[in-house]
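Peer 1: Okay, so here is start.txt, and as you'll see once you scroll down, it has compact mmCIF, C-alpha atoms and all ligand atoms.
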# COMPACT_ATOMS: atom_id res chain seq x y z
CA MET W 28 73.90 114.68 88.19
CA GLU W 29 72.33 115.43 91.55
CA THR W 30 72.79 112.64 94.10
CA LYS W 31 69.80 112.28 96.42
CA VAL W 32 70.06 110.55 99.79
CA PHE W 33 66.96 108.81 101.09
CA ASP W 34 66.68 107.99 104.81
CA TYR W 35 65.25 104.47 104.93
CA PHE W 36 64.61 104.06 108.65
CA ALA W 37 63.12 107.53 109.11
CA ALA W 38 60.59 106.76 106.37
CA LEU W 39 59.99 103.21 107.62
CA TYR W 40 58.96 104.44 111.04
CA ASN W 41 57.35 107.79 110.19
CA ASP W 42 56.22 108.00 106.61
CA ARG W 43 55.20 104.84 104.78
CA ALA W 44 53.97 106.80 101.78
CA ALA W 45 57.41 108.36 101.35
CA LEU W 46 58.94 104.90 101.71
CA ASP W 47 56.76 103.43 98.98
CA LYS W 48 57.44 106.37 96.72
CA ALA W 49 61.20 106.16 97.24
CA PHE W 50 61.34 102.43 96.49
CA TYR W 51 59.10 102.89 93.48
CA ARG W 52 61.54 105.48 92.21
CA ALA W 53 64.62 103.41 93.09
CA ALA W 54 63.19 100.39 91.30
CA ALA W 55 62.38 102.52 88.25
CA LEU W 56 65.96 103.83 88.20
CA LEU W 57 67.36 100.30 88.30
CA ARG W 58 64.99 99.11 85.57
CA ALA W 59 66.06 102.10 83.46
CA GLY W 60 69.69 101.01 83.75
CA GLU W 61 70.74 103.57 86.38
CA LEU W 62 72.77 103.00 89.54
CA VAL W 63 71.37 103.00 93.08
CA ALA W 64 73.56 102.67 96.19
CA PHE W 65 72.01 100.71 99.05
CA PRO W 66 72.90 99.40 102.50
CA THR W 67 73.62 95.77 103.25
CA GLU W 68 74.63 94.14 106.53
CA THR W 69 78.28 94.11 105.36
CA VAL W 70 79.04 97.36 103.47
CA TYR W 71 77.08 99.60 101.10
CA GLY W 72 76.63 98.31 97.56
CA LEU W 73 76.52 100.15 94.24
CA GLY W 74 73.65 98.43 92.46
CA ALA W 75 72.69 97.96 88.82
CA ASN W 76 70.49 95.57 86.85
CA ALA W 77 72.71 92.45 86.69
CA LEU W 78 71.03 91.35 83.45
CA SER W 79 71.89 94.52 81.55
CA ALA W 80 75.42 94.89 80.18
CA PRO W 81 75.14 98.68 79.71
CA ALA W 82 73.81 99.14 83.26
CA VAL W 83 76.63 97.05 84.69
CA ALA W 84 79.17 98.98 82.62
CA LYS W 85 78.09 102.11 84.51
CA ILE W 86 79.22 100.48 87.77
CA TYR W 87 82.74 99.97 86.48
CA GLN W 88 82.74 103.54 85.22
CA ALA W 89 81.46 105.14 88.43
CA LYS W 90 83.93 103.21 90.58
CA GLY W 91 86.86 103.41 88.20
CA ARG W 92 87.04 99.65 88.57
CA PRO W 93 88.99 97.29 86.26
CA SER W 94 86.47 95.39 84.13
CA ASP W 95 88.05 91.97 84.78
CA ASN W 96 86.91 92.18 88.40
CA PRO W 97 83.58 90.32 88.69
CA LEU W 98 80.57 91.70 90.57
CA ILE W 99 78.52 89.95 93.21
CA VAL W 100 74.89 89.46 92.18
CA HIS W 101 72.38 90.15 94.94
CA ILE W 102 69.07 88.30 95.05
CA ALA W 103 66.09 88.28 97.41
CA ASP W 104 64.94 84.66 97.05
CA GLU W 105 66.55 81.31 96.38
CA ALA W 106 64.54 80.72 93.22
CA ALA W 107 66.47 83.56 91.59
CA ALA W 108 69.69 81.63 92.22
CA ASP W 109 68.49 78.79 90.00
CA GLU W 110 67.91 81.18 87.12
CA LEU W 111 71.41 82.61 87.31
CA ALA W 112 73.61 79.67 88.32
CA GLU W 113 73.99 75.90 88.56
CA VAL W 114 73.01 75.48 92.19
CA THR W 115 74.65 72.41 93.72
CA PRO W 116 73.21 70.47 96.69
CA LEU W 117 75.97 71.87 98.91
CA ALA W 118 75.08 75.40 97.79
CA LYS W 119 71.44 74.74 98.72
CA LYS W 120 72.43 73.67 102.21
CA LEU W 121 74.62 76.74 102.68
CA MET W 122 71.84 79.04 101.45
CA ALA W 123 69.45 77.49 103.95
CA ALA W 124 71.95 77.93 106.77
CA PHE W 125 73.46 81.35 106.02
CA TRP W 126 71.08 83.34 103.79
CA PRO W 127 70.11 86.07 104.08
CA GLY W 128 73.59 86.86 105.35
CA PRO W 129 77.19 87.76 104.57
CA LEU W 130 78.10 84.71 102.45
CA THR W 131 78.74 84.93 98.70
CA LEU W 132 78.66 81.62 96.83
CA VAL W 133 80.63 81.34 93.58
CA LEU W 134 78.82 78.93 91.27
CA PRO W 135 78.88 78.08 87.56
CA ALA W 136 76.97 80.87 85.79
CA LYS W 137 74.03 80.25 83.48
CA PRO W 138 73.93 82.04 80.10
CA ALA W 139 71.24 84.52 81.23
CA LEU W 140 73.93 86.55 82.92
CA PRO W 141 75.96 88.94 80.74
CA ARG W 142 79.68 88.22 81.00
CA VAL W 143 80.37 91.87 81.84
CA THR W 144 78.67 91.14 85.19
CA THR W 145 80.98 88.19 85.90
CA GLY W 146 84.10 89.99 84.72
CA GLY W 147 84.29 87.57 81.80
CA LEU W 148 84.23 84.47 84.03
CA ASP W 149 81.94 81.45 83.63
CA THR W 150 81.11 81.64 87.31
CA VAL W 151 79.03 84.06 89.34
CA GLY W 152 79.12 85.15 92.97
CA LEU W 153 75.60 85.14 94.44
CA ARG W 154 74.46 86.52 97.74
CA MET W 155 71.23 87.32 99.57
CA PRO W 156 71.94 90.34 101.80
CA ALA W 157 70.38 90.58 105.26
CA HIS W 158 69.49 94.29 105.30
CA PRO W 159 65.73 94.98 104.96
CA ALA W 160 66.34 97.92 102.62
CA ALA W 161 68.47 95.76 100.31
CA LEU W 162 65.85 93.02 100.15
CA ALA W 163 63.06 95.55 99.61
CA LEU W 164 65.00 97.19 96.79
CA ILE W 165 65.73 93.90 95.00
CA GLU W 166 62.08 92.87 95.34
CA ALA W 167 60.79 96.24 94.14
CA ALA W 168 63.06 96.15 91.09
CA GLY W 169 62.17 92.53 90.35
CA LEU W 170 65.75 92.06 89.14
CA PRO W 171 68.98 90.49 90.30
CA ILE W 172 71.20 93.40 91.36
CA ALA W 173 74.90 93.40 90.59
CA ALA W 174 76.66 95.38 93.28
CA PRO W 175 80.24 95.87 94.31
CA SER W 176 81.05 97.88 97.40
CA ALA W 177 79.99 101.49 96.70
CA ASN W 178 83.45 103.05 97.07
CA LEU W 179 85.79 104.41 94.44
CA SER W 180 88.05 101.59 93.35
CA GLY W 181 90.97 101.21 95.77
CA ARG W 182 89.34 103.18 98.61
CA PRO W 183 88.00 101.68 101.83
CA SER W 184 84.54 100.12 101.45
CA PRO W 185 81.69 102.36 102.67
CA THR W 186 80.02 101.47 105.95
CA SER W 187 77.71 104.52 106.02
CA ALA W 188 75.69 106.50 103.51
CA ALA W 189 78.02 109.45 104.15
CA HIS W 190 80.96 107.36 102.89
CA VAL W 191 79.02 106.52 99.73
CA TYR W 192 78.02 110.14 99.22
CA HIS W 193 81.65 111.20 99.60
CA ASP W 194 82.80 108.81 96.84
CA MET W 195 79.78 108.81 94.50
CA ARG W 196 78.39 112.34 94.73
CA GLY W 197 77.44 113.59 91.29
CA LYS W 198 77.94 110.16 89.72
CA ILE W 199 74.74 108.36 90.76
CA PRO W 200 71.15 109.55 91.26
CA LEU W 201 70.31 107.87 94.58
CA VAL W 202 71.79 106.60 97.83
CA ILE W 203 69.51 104.73 100.20
CA ASP W 204 70.69 105.53 103.73
CA GLY W 205 70.11 102.53 105.97
CA GLY W 206 72.40 103.54 108.80
CA GLU W 207 75.82 102.19 109.66
CA THR W 208 76.37 98.66 108.42
CA ALA W 209 76.32 95.91 111.03
CA ALA W 210 79.30 93.78 110.05
CA GLY W 211 81.57 96.44 108.58
CA LEU W 212 83.54 94.02 106.38
CA GLU W 213 82.51 92.58 103.02
CA SER W 214 80.94 89.13 102.72
CA THR W 215 82.87 85.88 102.85
CA VAL W 216 83.37 84.69 99.26
CA LEU W 217 83.25 80.90 98.98
CA ASP W 218 84.18 79.18 95.71
CA LEU W 219 81.87 76.24 95.03
CA ALA W 220 82.63 76.10 91.30
CA SER W 221 86.01 74.39 91.74
CA PRO W 222 86.45 70.72 92.70
CA VAL W 223 87.52 71.73 96.22
CA PRO W 224 85.53 74.49 97.96
CA ALA W 225 87.76 77.36 99.05
CA ILE W 226 87.37 80.72 100.76
CA LEU W 227 88.44 83.39 98.26
CA ARG W 228 87.82 86.30 100.62
CA PRO W 229 87.55 85.88 104.41
CA GLY W 230 84.64 87.58 106.16
CA VAL W 231 82.42 87.49 109.21
CA ILE W 232 81.31 83.96 108.33
CA THR W 233 84.49 82.02 109.04
CA ALA W 234 85.87 78.68 107.85
CA ALA W 235 84.94 77.31 111.26
CA ASP W 236 81.31 78.36 110.66
CA LEU W 237 81.34 76.63 107.27
CA ALA W 238 83.21 73.51 108.37
CA GLU W 239 80.00 71.84 109.53
CA PHE W 240 79.02 71.70 105.85
CA ILE W 241 82.50 71.47 104.32
CA PRO W 242 84.63 69.25 106.56
CA GLY W 243 88.26 70.29 106.73
CA LEU W 244 87.71 73.76 105.26
CA THR W 245 90.13 76.36 106.54
CA GLU W 246 90.80 79.93 105.43
CA GLN W 247 94.05 78.55 104.03
CA THR W 248 92.45 75.80 101.93
CA GLN W 249 94.17 76.16 98.58
CA LEU W 250 92.62 75.49 95.22
CA PRO W 251 94.20 72.55 93.43
CA LYS W 252 96.55 73.43 90.55
CA GLY W 253 94.57 74.38 87.47
CA GLY W 254 91.58 75.36 89.62
CA VAL W 255 89.67 78.60 89.16
CA ALA W 256 91.66 81.72 89.96
CA LYS W 257 91.35 83.45 93.31
CA ALA W 258 88.74 86.21 93.56
CA PRO W 259 90.13 88.53 90.89
CA GLY W 260 89.37 91.52 93.09
CA MET W 261 91.83 90.33 95.70
CA LYS W 262 94.81 91.11 93.49
CA TYR W 263 94.11 94.85 93.41
CA ARG W 264 95.33 97.23 96.09
CA HIS W 265 92.32 97.86 98.27
CA TYR W 266 91.20 99.74 101.31
CA ALA W 267 94.11 102.11 100.99
CA PRO W 268 94.02 105.51 102.67
CA LYS W 269 96.32 108.20 101.31
CA ALA W 270 98.90 107.91 104.07
CA ARG W 271 101.32 105.02 104.45
CA VAL W 272 99.83 102.38 106.76
CA VAL W 273 102.13 100.44 109.08
CA LEU W 274 100.88 97.48 111.10
CA CYS W 275 102.23 96.96 114.59
CA GLU W 276 101.82 94.42 117.33
CA ARG W 277 100.10 96.05 120.27
CA ALA W 278 103.38 96.40 122.17
CA GLU W 279 105.09 97.91 119.09
CA LEU W 280 102.63 100.80 118.72
CA TYR W 281 104.35 103.09 121.18
CA PRO W 282 107.93 102.38 120.04
CA ALA W 283 106.87 102.83 116.40
CA TYR W 284 105.15 106.11 117.24
CA VAL W 285 108.25 107.46 118.97
CA ALA W 286 110.55 106.16 116.24
CA ALA W 287 108.53 107.90 113.52
CA LEU W 288 108.69 111.23 115.39
CA LYS W 289 112.44 110.88 115.96
CA GLU W 290 113.09 109.94 112.36
CA ALA W 291 111.33 113.08 111.15
CA ALA W 292 113.24 115.21 113.65
CA GLN W 293 116.56 113.71 112.53
CA ARG W 294 115.73 114.56 108.95
CA GLY W 295 114.85 118.10 110.00
CA GLU W 296 111.25 117.61 108.91
CA PRO W 297 108.20 118.98 110.74
CA GLN W 298 106.49 116.57 113.13
CA PRO W 299 104.39 114.15 111.10
CA LYS W 300 100.69 113.77 111.87
CA ILE W 301 100.51 110.17 113.03
CA ALA W 302 97.09 108.51 113.15
CA VAL W 303 96.87 105.57 115.52
CA LEU W 304 94.14 102.96 114.95
CA ALA W 305 93.89 100.53 117.82
CA SER W 306 91.69 98.67 120.27
CA LEU W 307 91.07 100.07 123.73
CA ALA W 308 93.95 97.98 125.08
CA GLY W 309 96.20 99.14 122.25
CA LEU W 310 95.47 102.83 122.81
CA SER W 311 95.99 102.66 126.55
CA GLY W 312 99.77 102.80 126.06
CA LEU W 313 99.60 105.86 123.83
CA ALA W 314 98.20 108.58 126.03
CA GLN W 315 100.38 111.22 124.35
CA ALA W 316 99.28 110.42 120.79
CA GLU W 317 97.09 113.22 119.44
CA HIS W 318 95.24 111.48 116.64
CA CYS W 319 93.77 108.23 117.88
CA PHE W 320 90.84 106.24 116.53
CA LEU W 321 89.35 103.69 118.91
CA LEU W 322 88.60 100.61 116.81
CA GLY W 323 86.70 98.96 119.64
CA GLU W 324 86.97 96.65 122.57
CA ASN W 325 86.57 93.39 120.69
CA LEU W 326 87.01 92.01 117.17
CA THR W 327 83.34 92.53 116.24
CA GLN W 328 83.66 96.25 116.98
CA VAL W 329 87.03 96.43 115.24
CA ALA W 330 85.45 94.97 112.09
CA GLN W 331 82.57 97.46 112.30
CA ASN W 332 84.86 100.47 112.65
CA LEU W 333 87.86 99.58 110.52
CA PHE W 334 86.86 101.17 107.22
CA ALA W 335 85.55 104.33 108.91
CA ALA W 336 88.90 104.56 110.69
CA LEU W 337 90.85 104.28 107.43
CA ARG W 338 88.67 107.01 105.88
CA TRP W 339 89.19 109.21 108.95
CA THR W 340 92.95 109.13 108.39
CA ASP W 341 92.30 110.80 105.04
CA GLU W 342 89.99 113.40 106.60
CA ILE W 343 92.62 114.51 109.09
CA ASN W 344 95.33 114.36 106.39
CA ALA W 345 97.48 111.96 108.34
CA ASP W 346 101.08 111.56 107.20
CA LEU W 347 101.42 108.10 108.67
CA VAL W 348 98.97 105.51 110.00
CA LEU W 349 99.98 103.07 112.74
CA ALA W 350 97.40 100.31 113.05
CA GLU W 351 97.26 97.53 115.60
CA ARG W 352 97.64 93.94 114.42
CA PHE W 353 95.07 91.44 115.64
CA PRO W 354 95.42 87.69 116.20
CA GLU W 355 94.64 85.80 112.99
CA THR W 356 91.94 83.52 114.29
CA GLY W 357 88.17 83.72 113.75
CA LEU W 358 87.09 87.21 112.73
CA GLY W 359 90.71 88.34 113.14
CA ILE W 360 91.52 86.62 109.82
CA ALA W 361 89.11 88.88 107.88
CA ILE W 362 90.26 91.98 109.78
CA MET W 363 93.94 91.26 109.10
CA ASN W 364 93.16 90.49 105.44
CA ARG W 365 91.83 94.06 105.06
CA LEU W 366 94.56 95.63 107.18
CA ASN W 367 97.30 93.87 105.21
CA LYS W 368 95.81 95.26 102.00
CA ALA W 369 95.62 98.74 103.47
CA ALA W 370 99.27 98.47 104.48
CA ALA W 371 100.28 96.73 101.24
CA GLY W 372 103.28 95.28 103.00
CA GLU W 373 104.90 98.49 104.29
CA PRO W 374 107.82 97.89 106.67
CA LEU W 375 107.86 99.23 110.21
CA PRO W 376 109.66 102.55 110.72
CA GLN W 377 113.22 101.82 111.87
CA PRO W 378 113.50 101.66 115.65
CA ALA W 379 115.48 104.50 117.24
CA ALA W 380 119.27 104.04 117.27
CA GLN W 381 120.60 101.74 119.99
CA GLY W 382 121.03 103.27 123.39
CA GLU W 383 118.28 105.81 122.86
CA LYS W 384 115.26 105.50 125.06
CA HIS W 385 111.73 105.34 123.75
CA ASP W 386 110.28 108.42 125.30
O1 LIG F 401 79.65 92.22 101.22
C1 LIG F 401 79.84 92.26 100.02
O2 LIG F 401 80.19 91.26 99.37
C2 LIG F 401 79.64 93.61 99.33
C3 LIG F 401 78.17 93.98 99.44
C4 LIG F 401 77.83 95.21 98.65
O3 LIG F 401 77.38 92.90 99.04
N1 LIG F 401 80.07 93.53 97.96
C5 LIG F 401 81.37 93.49 97.61
O4 LIG F 401 81.60 93.46 96.25
O5 LIG F 401 82.28 93.47 98.41
P1 LIG F 401 83.02 93.75 95.61
O6 LIG F 401 82.76 93.79 94.17
O7 LIG F 401 83.62 94.94 96.23
O8 LIG F 401 83.87 92.47 95.91
C6 LIG F 401 83.55 91.25 95.28
C7 LIG F 401 84.67 90.26 95.46
C8 LIG F 401 85.84 90.62 94.58
O9 LIG F 401 87.04 90.28 95.26
C9 LIG F 401 85.60 89.73 93.37
O10 LIG F 401 86.78 89.47 92.65
C10 LIG F 401 85.00 88.49 94.00
O11 LIG F 401 84.20 88.97 95.05
N2 LIG F 401 84.16 87.75 93.06
C11 LIG F 401 82.96 88.11 92.56
N3 LIG F 401 82.52 87.21 91.67
C12 LIG F 401 83.45 86.24 91.60
C13 LIG F 401 83.61 85.04 90.83
N4 LIG F 401 82.69 84.66 89.95
N5 LIG F 401 84.71 84.30 91.02
C14 LIG F 401 85.64 84.69 91.90
N6 LIG F 401 85.57 85.82 92.65
C15 LIG F 401 84.50 86.58 92.50
MG MG F 402 84.99 96.25 97.00
Hey, can you dump this file as structure tokens for me?
Ligand code: TXA
Ligand code: MG
Peer 2:
Amino acid sequence: METKVFDYFAALYNDRAALDKAFYRAAALLRAGELVAFPTETVYGLGANALSAPAVAKIYQAKGRPSDNPLIVHIADEAAADELAEVTPLAKKLMAAFWPGPLTLVLPAKPALPRVTTGGLDTVGLRMPAHPAALALIEAAGLPIAAPSANLSGRPSPTSAAHVYHDMRGKIPLVIDGGETAAGLESTVLDLASPVPAILRPGVITAADLAEFIPGLTEQTQLPKGGVAKAPGMKYRHYAPKARVVLCERAELYPAYVAALKEAAQRGEPQPKIAVLASLAGLSGLAQAEHCFLLGENLTQVAQNLFAALRWTDEINADLVLAERFPETGLGIAIMNRLNKAAAGEPLPQPAAQGEKHD
């Protein structure tokens, strides 16, 4: 199958006829049960008609995703939420405050929704994305759109159309290119179907942002025993580049870099290609490192660039990735959640033997 890429902003500003035609075609594809990748403010989504079991099955197939991992359903107006889920008063307040935006609400699902969409659960994650192309697509299709992140299962989520094209080329007919995504990390997933609301996946909207509506909520709020399971997707290895990823405190980056080189030398191996992912402050101590990716100067930029950085380590065929740890407060919680998954708990390389100097 040929995968076409449509440039949303170029058409929006220069060619409204092309824009109308493209969305007409995209909507027709979705109504015919095909997949369309589209931008959101978090990451790119791989969309299908959420009401069609065969269409949704194509998502799992294209991604290579386990079918017990539920999909988020994207809508363009609050009325659609009532058709798909039991919308509680708290959910209504959160929709008013945060939609359109990067907040997914898990609510009891109504029967209209095929269980293949919800991964067999009786609940559904709903979200109204804030990207104009996403909203236009949902409206044009006139359907709720089930969409996971548009990456191959286990790979970093796509934050540009090029990332989607890389993973989905030949598997889907259309990618809508809406530029680089603003947030760079997937939406916050909030469980409202259990007796105690809980964050299942941290994101740009933090517990502190939600606490005005849910007093006492923290990212660590645990579900009571017997409550609904955590977001099933969180149990799978995610965001993983091919190379081993090791997380280091800022001050550990340089010693870890040197230790990894020495270790290879001691084993008589060629020098490994070490990719360093760090903030400006983190990189400043690593002038000699050849393969550095600047994540940014603040946590917002780090979030925006993190998945592109992980993909870059694959492009350069890194042997080892050293990534800076960030403080686990505010947005840092979501960043570290993704970094910990990318690292999947790898230990630091052993420091050089005592008495040796780190240079
Ligand atoms: O920002 C986002 O949320 C992006 C864009 C495309 O909207 N989508 C996304 O979807 O990240 P996905 O499928 O990659 O991740 C959805 C996460 C998974 O961890 C899944 O297990 C969880 O949300 N989830 C979805 N529905 C759920 C439900 N009913 N109960 C618990 N967890 C749910
Ligand atoms: Mg995903």
Peer 1: In terms of the shortest atom-to-atom distance over only C-alpha atoms and all ligand atoms, which of W:Ala220, W:Leu117, W:Leu201, W:Ala335 is closest to ligand LIG 401 (chain F)?
Peer 2: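 For ligand LIG 401 (chain F), the nearest of the given residues is W:Ala220.
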Peer 1: Here is a test: counting only C-alpha atoms, which residue of W:Glu105, W:Asp194, W:Glu207, W:Glu110 is nearest to Glu68 in chain W?
Peer 2: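 Once distances to Glu68 in chain W are computed over only C-alpha atoms, the minimum belongs to W:Glu207.
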Peer 1: CA of Ser306 in chain W to CA of Thr131 in chain W: how many Å, to one decimal?
Peer 2: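 Between these atoms lies a distance of 28.7 Å.
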Peer 1: Taking only C-alpha atoms and all ligand atoms into account, report as a ChimeraX atom specification which residues have an atom no farther than 12 Å from an atom of ligand MG 402 (chain F).
Peer 2: /W:69-73,86-87,90-93,96-99,174-186,212-214,216,228,258-267,334,365,368
Peer 1: Using all atoms listed in the file, which residue out of W:His190, W:His101, W:Arg271, W:Arg294 lies closest to ligand LIG 401 (chain F)?
Peer 2: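 Under the stated criterion, the closest residue is W:His101.
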Peer 1: Hey, what's within 12 Å of Leu130 in chain W if we count only C-alpha atoms and toss same-chain stuff fewer than 4 positions away? As a VMD selection string, please?
Peer 2: chain W and resid 67 to 69 99 to 101 118 121 to 126 152 to 157 210 212 to 219 226 to 234 236 to 237
Peer 1: Between W:Leu56, W:Ala287, W:Pro141, W:Glu113, which is the closest to Pro81 in chain W once you count all atoms listed in the file?
Peer 2: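 The answer is W:Pro141, which sits nearest to Pro81 in chain W.
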Peer 1: May I ask which of the residues W:Asp42, W:Glu29, W:Glu355, W:Asp149 is the closest one to ligand LIG 401 (chain F), counting all atoms listed in the file?
Peer 2: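 Among the listed residues, the smallest separation from ligand LIG 401 (chain F) belongs to W:Asp149.
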Peer 1: What is the distance, in Å and to one decimal place, between CA of Ala82 in chain W and CA of Leu57 in chain W?
Peer 2: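 Interatomic distance here is 8.3 Å.
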Peer 1: Grab the CA of Leu358 in chain W to CA of Thr327 in chain W distance for me, in Å with one decimal place.
Peer 2: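 Going from CA of Leu358 in chain W over to CA of Thr327 in chain W covers 7.4 Å.
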Peer 1: Rank nothing, just name the residue among W:Thr115, W:Thr340, W:Thr245, W:Ser187 nearest to ligand LIG 401 (chain F), using all atoms listed in the file.
Peer 2: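 Distance minimum relative to ligand LIG 401 (chain F) lands on W:Ser187.
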Peer 1: Anything within 10 Å of (68.6, 106.7, 99.4): list those residues as a PyMOL selection string, counting all atoms listed in the file and sticking to the file's coordinates.
Peer 2: chain W and resi 30-35+49-50+53+63-66+160+188+200-205
Peer 1: So that all listed atoms of range 109-116 of chain W fit with 4 Å spare on each side, what axis-aligned box centre and edge lengths in Å, to one decimal, would you give as AutoDock Vina command-line options?
Peer 2:
--center_x 71.3 --center_y 76.5 --center_z 91.9 --size_x 14.7 --size_y 20.1 --size_z 17.6
